[in-house]
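A.B. asks: Below is the file start06.cif, which contains mmCIF, C-alpha atoms.
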data_data
loop_
_atom_site.label_atom_id
_atom_site.label_comp_id
_atom_site.auth_asym_id
_atom_site.auth_seq_id
_atom_site.Cartn_x
_atom_site.Cartn_y
_atom_site.Cartn_z
CA MET A 1209 -69.80 -44.69 -52.37
CA PHE A 1210 -67.19 -42.51 -50.64
CA ARG A 1211 -67.36 -38.86 -51.73
CA GLU A 1212 -64.68 -36.30 -51.05
CA ASP A 1213 -64.91 -32.57 -51.64
CA LEU A 1214 -62.08 -32.12 -54.13
CA SER A 1215 -62.54 -28.35 -54.38
CA ARG A 1216 -60.00 -27.92 -51.54
CA ASN A 1217 -57.79 -30.92 -52.33
CA PHE A 1218 -54.34 -29.37 -52.73
CA GLY A 1219 -53.21 -32.05 -55.20
CA PHE A 1220 -56.01 -31.24 -57.62
CA ILE A 1221 -55.57 -27.50 -57.10
CA LEU A 1222 -51.82 -27.74 -57.67
CA ASN A 1223 -52.35 -29.73 -60.85
CA ASP A 1224 -54.94 -27.21 -62.11
CA VAL A 1225 -52.63 -24.27 -61.35
CA ALA A 1226 -49.70 -25.96 -63.13
CA ARG A 1227 -51.88 -26.69 -66.18
CA LEU A 1228 -53.19 -23.11 -66.27
CA MET A 1229 -49.66 -21.73 -66.00
CA ARG A 1230 -48.40 -23.95 -68.84
CA THR A 1231 -51.33 -22.92 -71.04
CA ALA A 1232 -50.84 -19.21 -70.26
CA PHE A 1233 -47.11 -19.52 -70.91
CA ASP A 1234 -47.81 -21.27 -74.23
CA ARG A 1235 -49.92 -18.27 -75.29
CA ARG A 1236 -47.29 -15.77 -74.20
CA VAL A 1237 -44.42 -17.42 -76.11
CA LYS A 1238 -46.41 -18.52 -79.16
CA ALA A 1239 -44.87 -15.74 -81.27
CA LEU A 1240 -41.42 -17.26 -80.65
CA GLY A 1241 -42.47 -20.36 -82.60
CA LEU A 1242 -41.62 -22.75 -79.77
CA THR A 1243 -43.52 -25.88 -78.94
CA ARG A 1244 -44.19 -26.71 -75.30
CA SER A 1245 -41.64 -29.53 -75.53
CA GLN A 1246 -39.01 -27.15 -76.87
CA TRP A 1247 -39.53 -24.47 -74.26
CA TRP A 1248 -39.53 -27.13 -71.56
CA VAL A 1249 -36.15 -28.41 -72.77
CA LEU A 1250 -34.77 -24.87 -73.02
CA ASN A 1251 -35.92 -24.04 -69.48
CA HIS A 1252 -34.28 -27.16 -68.09
CA LEU A 1253 -31.06 -26.41 -69.96
CA PHE A 1254 -31.19 -22.83 -68.66
CA ARG A 1255 -31.08 -24.34 -65.15
CA ASN A 1256 -28.74 -27.26 -66.01
CA ASP A 1257 -26.66 -26.29 -69.04
CA GLY A 1258 -24.19 -29.02 -69.96
CA VAL A 1259 -26.22 -31.87 -68.44
CA THR A 1260 -25.96 -35.21 -70.23
CA GLN A 1261 -28.71 -36.22 -72.61
CA SER A 1262 -29.67 -39.11 -70.29
CA GLU A 1263 -29.84 -36.83 -67.26
CA LEU A 1264 -31.96 -34.36 -69.23
CA ALA A 1265 -34.38 -37.14 -70.25
CA ASP A 1266 -34.69 -38.10 -66.57
CA LEU A 1267 -35.28 -34.48 -65.53
CA LEU A 1268 -37.95 -34.08 -68.20
CA GLU A 1269 -39.43 -37.52 -67.44
CA ILE A 1270 -39.43 -38.50 -71.12
CA GLU A 1271 -37.91 -41.39 -73.05
CA LYS A 1272 -34.32 -40.93 -74.23
CA ALA A 1273 -35.29 -41.58 -77.86
CA THR A 1274 -38.04 -38.94 -77.69
CA LEU A 1275 -35.58 -36.42 -76.29
CA GLY A 1276 -33.02 -37.38 -78.94
CA ARG A 1277 -35.47 -36.54 -81.75
CA LEU A 1278 -36.44 -33.29 -80.06
CA LEU A 1279 -32.77 -32.31 -79.64
CA ASP A 1280 -32.11 -33.19 -83.30
CA ARG A 1281 -34.71 -30.60 -84.36
CA MET A 1282 -33.44 -28.03 -81.87
CA GLU A 1283 -29.85 -28.61 -82.99
CA GLN A 1284 -30.90 -28.05 -86.63
CA LYS A 1285 -32.35 -24.68 -85.57
CA GLY A 1286 -29.05 -23.82 -83.88
CA TRP A 1287 -30.55 -23.61 -80.38
CA VAL A 1288 -28.55 -26.41 -78.72
CA ARG A 1289 -25.34 -28.27 -79.32
CA ARG A 1290 -24.26 -31.71 -78.16
CA GLU A 1291 -20.70 -32.57 -77.22
CA ASN A 1292 -19.06 -35.81 -76.27
CA HIS A 1293 -18.71 -36.28 -72.53
CA ALA A 1294 -15.04 -36.24 -71.53
CA GLY A 1295 -15.45 -39.04 -68.99
CA ASP A 1296 -17.89 -41.29 -70.88
CA ARG A 1297 -17.60 -41.70 -74.64
CA ARG A 1298 -21.19 -43.03 -74.81
CA ALA A 1299 -22.66 -39.89 -73.24
CA LYS A 1300 -23.44 -36.55 -74.84
CA ARG A 1301 -23.62 -33.27 -72.94
CA VAL A 1302 -26.23 -30.73 -74.09
CA PHE A 1303 -25.57 -26.99 -74.14
CA LEU A 1304 -27.55 -23.91 -75.10
CA THR A 1305 -26.08 -21.89 -77.98
CA PRO A 1306 -25.73 -18.12 -78.31
CA GLU A 1307 -28.34 -18.25 -81.13
CA VAL A 1308 -31.10 -19.17 -78.66
CA GLU A 1309 -30.34 -16.30 -76.25
CA PRO A 1310 -32.94 -13.85 -77.70
CA ALA A 1311 -35.68 -16.50 -77.48
CA LEU A 1312 -34.52 -17.52 -74.01
CA LYS A 1313 -34.55 -13.90 -72.84
CA ALA A 1314 -38.09 -13.46 -74.20
CA MET A 1315 -39.15 -16.70 -72.48
CA ARG A 1316 -37.66 -15.63 -69.14
CA THR A 1317 -39.41 -12.24 -69.44
CA ALA A 1318 -42.74 -13.94 -70.24
CA ALA A 1319 -42.24 -16.30 -67.29
CA ALA A 1320 -41.52 -13.41 -64.91
CA GLU A 1321 -44.64 -11.57 -66.10
CA LEU A 1322 -46.74 -14.72 -65.70
CA ARG A 1323 -45.48 -15.24 -62.15
CA ARG A 1324 -46.19 -11.58 -61.38
CA ASP A 1325 -49.73 -11.91 -62.74
CA ALA A 1326 -50.34 -15.21 -60.94
CA LEU A 1327 -49.13 -13.87 -57.58
CA GLY A 1328 -50.45 -10.33 -58.08
CA GLU A 1329 -53.03 -10.36 -55.28
CA LEU A 1330 -50.55 -11.65 -52.70
CA THR A 1331 -48.31 -9.46 -50.58
CA LEU A 1332 -44.55 -9.98 -50.85
CA ASP A 1333 -44.61 -11.83 -47.51
CA GLN A 1334 -47.44 -14.09 -48.73
CA GLN A 1335 -45.53 -14.78 -51.94
CA ALA A 1336 -42.40 -15.73 -49.99
CA GLN A 1337 -44.43 -17.96 -47.62
CA PHE A 1338 -46.17 -19.62 -50.58
CA VAL A 1339 -42.86 -20.45 -52.27
CA ASP A 1340 -41.40 -21.66 -48.96
CA THR A 1341 -44.43 -23.92 -48.49
CA LEU A 1342 -44.06 -25.37 -52.00
CA LEU A 1343 -40.35 -26.01 -51.34
CA THR A 1344 -41.22 -27.81 -48.10
CA ILE A 1345 -43.80 -29.97 -49.90
CA LYS A 1346 -41.24 -30.74 -52.62
CA ALA A 1347 -38.64 -31.72 -50.00
CA ASN A 1348 -41.19 -33.89 -48.17
CA LEU A 1349 -42.08 -35.75 -51.36
CA SER A 1350 -38.42 -36.13 -52.35
CA ARG A 1351 -37.61 -38.21 -49.27
CA PRO A 1352 -37.23 -41.90 -50.14
CA GLU A 1353 -39.53 -43.10 -47.35
CA VAL A 1354 -42.39 -40.99 -48.73
CA GLY A 1355 -42.11 -42.51 -52.19
CA GLY A 1356 -42.79 -46.01 -50.85
CA ASN A 1357 -45.98 -47.70 -49.67
CA GLY A 1358 -45.78 -46.41 -46.11
CA SER A 1359 -47.94 -43.58 -44.91
CA ARG A 1360 -46.95 -40.77 -42.62
CA LYS A 1361 -49.06 -38.73 -40.27
CA ALA A 1362 -49.16 -34.99 -40.82
CA LYS A 1363 -47.53 -32.76 -38.21
CA ARG A 1364 -50.00 -30.69 -36.21
#
Could you spell out this file's structure in structure tokens?
C.D. replies:
Amino acid sequence: MFREDLSRNFGFILNDVARLMRTAFDRRVKALGLTRSQWWVLNHLFRNDGVTQSELADLLEIEKATLGRLLDRMEQKGWVRRENHAGDRRAKRVFLTPEVEPALKAMRTAAAELRRDALGELTLDQQAQFVDTLLTIKANLSRPEVGGNGSRKAKR
């Protein structure tokens, strides 16, 4: 049977790091009373305020009905509001409300501290190179030809 040393497989490492960061972030924002699903929605709206509900479901990679129920609960708490889309009467745009700003500020602070702790042993140049490398990987995987069945040889 084929065996591969997965201890240096960047896909597994990246997945482990993402899981550890989510878990650490959960602990840091627990006092805010947010579920992971809620803080994930709030973070995406922070980056894309006013996006349609369908676009948000696509960004979050969840079913539209699941997002709808989640937004219902968040709307009841006064954290988000939905408005009819001016150009499409079937669509709803989702916005953050002023009531969520204190929680959002606390989340952004916790996220900055987590990033600082995670990157703490790296120099500023190493941090910048690391982020640049991740952005390159993201761009590579976003190309349509990479998403198909074809394989590509790595540049040397």
A.B. asks: What are the centre and edge lengths in Å, to one decimal, of the axis-aligned box around all listed atoms of stretch 1258-1270 of chain A with 3 Å added on each side, as lines of an AutoDock Vina configuration file?
C.D. replies:
center_x = -31.8
center_y = -34.1
center_z = -69.1
size_x = 21.2
size_y = 16.1
size_z = 13.1
A.B. asks: If the PyMOL selection byres ((chain A and resi 1259-1274) around 9) were run on this exact file, what residues would it hold? Put them as a CSV table (one decimal) with C-alpha atoms, in the coordinates of the input.
C.D. replies:
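selection37.csv written:
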chain,number,residue,atom,x,y,z
A,1248,TRP,CA,-39.5,-27.1,-71.6
A,1249,VAL,CA,-36.2,-28.4,-72.8
A,1252,HIS,CA,-34.3,-27.2,-68.1
A,1253,LEU,CA,-31.1,-26.4,-70.0
A,1256,ASN,CA,-28.7,-27.3,-66.0
A,1257,ASP,CA,-26.7,-26.3,-69.0
A,1258,GLY,CA,-24.2,-29.0,-70.0
A,1275,LEU,CA,-35.6,-36.4,-76.3
A,1276,GLY,CA,-33.0,-37.4,-78.9
A,1277,ARG,CA,-35.5,-36.5,-81.8
A,1278,LEU,CA,-36.4,-33.3,-80.1
A,1279,LEU,CA,-32.8,-32.3,-79.6
A,1290,ARG,CA,-24.3,-31.7,-78.2
A,1293,HIS,CA,-18.7,-36.3,-72.5
A,1299,ALA,CA,-22.7,-39.9,-73.2
A,1300,LYS,CA,-23.4,-36.6,-74.8
A,1301,ARG,CA,-23.6,-33.3,-72.9
A,1302,VAL,CA,-26.2,-30.7,-74.1
A,1303,PHE,CA,-25.6,-27.0,-74.1
A.B. asks: Using the chain letters and numbers from the file, give me the residues hit by the PyMOL selection byres ((chain A and resi 1232-1244) around 9), as a list in words.
C.D. replies: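 On the file shown, the PyMOL selection byres ((chain A and resi 1232-1244) around 9) covers Arg1227, Leu1228, Met1229, Arg1230, Thr1231, Ser1245, Gln1246, Trp1247, Trp1248, Val1249, Ala1311, Ala1314, Met1315, Ala1318, Ala1319 and Leu1322 of chain A.
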A.B. asks: Please compute the atom CA of A:Glu1283-atom CA of A:Leu1312 distance, one decimal, in Å.
C.D. replies: 15.0 Å
A.B. asks: Work out how far atom CA of A:Arg1316 is from atom CA of A:Thr1331, in Å to one decimal.
C.D. replies: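 Taking atom CA of A:Thr1331 and atom CA of A:Arg1316, their separation equals 22.3 Å.
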A.B. asks: For atom CA of A:Glu1321 and atom CA of A:Ile1221, quote the distance in Å rounded to one decimal.
C.D. replies: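 About the pair atom CA of A:Glu1321 and atom CA of A:Ile1221: they are 21.3 Å apart.
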A.B. asks: Under the rule of at most 12 Å, produce a per-residue listing of stretch 1214-1297 of chain A near stretch 1337-1350 of chain A: chain, number, name, the closest pair of atoms, and the distance in Å, as a tab-separated table, using only C-alpha atoms.
C.D. replies:
residue	atom	partner	partner_atom	distance
A:Phe1218	CA	A:Ile1345	CA	10.9
A:Gly1219	CA	A:Ile1345	CA	11.0
A:Leu1222	CA	A:Leu1342	CA	9.9
A.B. asks: Select, from A:Arg1211, A:Lys1313, A:Arg1351, A:Arg1216, the residue with the minimum atom-to-atom distance to A:Leu1250, counting all atoms listed in the file.
C.D. replies: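 So, comparing all the options, the nearest one is A:Lys1313.
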